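A.B. asks: The structure under discussion is supplied below as structure tokens; questions concerning it will follow.
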Amino acid sequence: GHIVIQTKNPFFVYPETASKIGSVDARDGSSHIHHDQQQHENQDSLWLGPGLVIRINHILVVNVARIITHLEPAHKFFATELSEAQCRAHDGYVRLDDDKNTSFLCPGLIDLHIHAAQYAFAGTATDRPLMGPTGWLETYTFPTEARMRDLQFARQVYERVVSRTLSFGTTTAVYFATLDVEPTKVLVDVALECGQRALIGKVCMDRHSPETYCQSVEQNLKETREIISYIRSHPSSKKQQ
């Protein structure tokens, strides 16, 4: 199918002519391409703008070690490596097709640290130090996270953060939820409903937080196991595996 990739120079708008592309590649440090190869490349590529190009009718091959071994025109791969029939017979084969030929594969961003509940006051609450009786955690964070016990409010916040991160190209996110197990389940539901690949965990605290927002080690462990079980048994989670 069609595959979007990054170019070597994200600040340069690549010209469409074969001769100019050759000179740009040379400045980028890549090897020279013969003129006939350049023309063929132009037929297989569409420059989307600075830093992005879409490869038309290409094949992307990933081995069992999750390493990309091939990214090349599909007709070339089928002629030299495996036939299309052999590829179609493989369990891992996915063909990006639709009636209008508009489907494409695009790499996504990965965010490794998001406190989902704190999105409720994103861009604000910057007037206090982190710790202390009147610090940022005590004044803003703990009360907001405790408010997620209102599951309707939790869903509103979580739908916003998941849809917003997706709109910016974040297809995978590591979310810290809150201390409470039920709001954490809501975050799991929302991520699955929106189609975002997410790693979600319950926050565990047994100290350095208000008594009303604190749990014993035993309760933290019990509810963490409950969240793990909830994710593994979730019907939508099984569909996306």
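Chain labels follow the order of the structure tokens: the first chain is A, the next B, and so on; residue numbering restarts at 1 in every chain, and ligands are counted from 1 in their shown order.
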Using DSSP on the backbone coordinates, identify all residues within segment 40-202 of chain A classified as strand (DSSP E or B); present the result as an MDAnalysis selection string.

C.D. replies: chainID A and resid 45:49 52:55 58:62 68:73 104:105 109:115 170:176 197:201

A.B. asks: Write out as number ranges by chain the residues lying within 12 Å of Arg225 of chain A, counting only C-alpha atoms and excluding same-chain residues fewer than 6 positions away.

C.D. replies: A: 181, 201-202, 204, 218-219, 231-232

A.B. asks: For segment 111-128 of chain A, work out the shell of residues within 8 Å, counting only C-alpha atoms and skipping chain neighbours fewer than 5 positions away, then give it as a list in words.

C.D. replies: Thr134, Gly135, Trp136, Tyr140, Thr141, Thr144, Glu145, Met148, Ala154, Val157, Tyr158, Val161, Thr170, Thr172, Ala173, Val174, Tyr175, Phe176, Ala177 and Thr178 of chain A

A.B. asks: I want to know what sits within 10 Å of Cys214 of chain A, based on only C-alpha atoms, with residues of the same chain fewer than 5 positions away left out; could you give that as a list in words?

C.D. replies: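 My reading of the contact set: Phe142, Leu179, Asp180, Cys204, Met205, Asp206, Arg207, His208, Ser209, Gln219 and Asn220 of chain A.
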
A.B. asks: When you count only C-alpha atoms, which of these residues is closest to Gly195 of chain A: A:His234, A:Pro210, A:Arg164, A:Thr171?

C.D. replies: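 So, comparing all the options, the nearest one is A:Thr171.
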
A.B. asks: Quick check for you: according to DSSP on this backbone, which residues of segment 44-206 of chain A are classed as helix (DSSP H, G or I)? Reply as a PyMOL selection string.

C.D. replies: chain A and resi 44+74-80+84-88+116-121+136-147+151-167+181-194

A.B. asks: Write out, as a Markdown table, each residue of segment 91-181 of chain A that has an atom at most 9 Å from segment 189-192 of chain A, together with the closest pair of atoms and their distance in Å to one decimal, counting only C-alpha atoms, rows going by chain and rising number.

C.D. replies:
```
| residue | atom | partner | partner_atom | distance |
| --- | --- | --- | --- | --- |
| A:Arg155 | CA | A:Val190 | CA | 7.3 |
| A:Tyr158 | CA | A:Val190 | CA | 6.8 |
| A:Glu159 | CA | A:Val190 | CA | 6.2 |
| A:Val162 | CA | A:Ala191 | CA | 6.5 |
| A:Ser163 | CA | A:Ala191 | CA | 8.8 |
```

A.B. asks: Report the distance between atom CA of His58 of chain A and atom CA of Ser83 of chain A in Å, rounded to one decimal place.

C.D. replies: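 Between atom CA of His58 of chain A and atom CA of Ser83 of chain A the gap is 14.0 Å.
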
A.B. asks: Fewer than 4 positions away in the same chain doesn't count, so skip those; otherwise give me all residues within 7 Å of Leu96 of chain A, counting only C-alpha atoms, as a PyMOL selection string.

C.D. replies: chain A and resi 1+103-104

A.B. asks: Do you know which residues are at most 9 Å from Pro107 of chain A counting only C-alpha atoms, after dropping those on the same chain fewer than 3 positions away, and could you put them as a count of residues only?

C.D. replies: 6

A.B. asks: When you count only C-alpha atoms, which of these residues is closest to Ala74 of chain A: A:His90, A:Lys222, A:Arg147, A:Arg95?

C.D. replies: A:Arg95

A.B. asks: Check the smallest atom-to-atom distance from each of A:Gly108, A:Pro73, A:Gly132, A:Gly49 to Arg197 of chain A using only C-alpha atoms, then report the winner.

C.D. replies: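 Looking at the shortest contact to Arg197 of chain A, the residue is A:Gly108.
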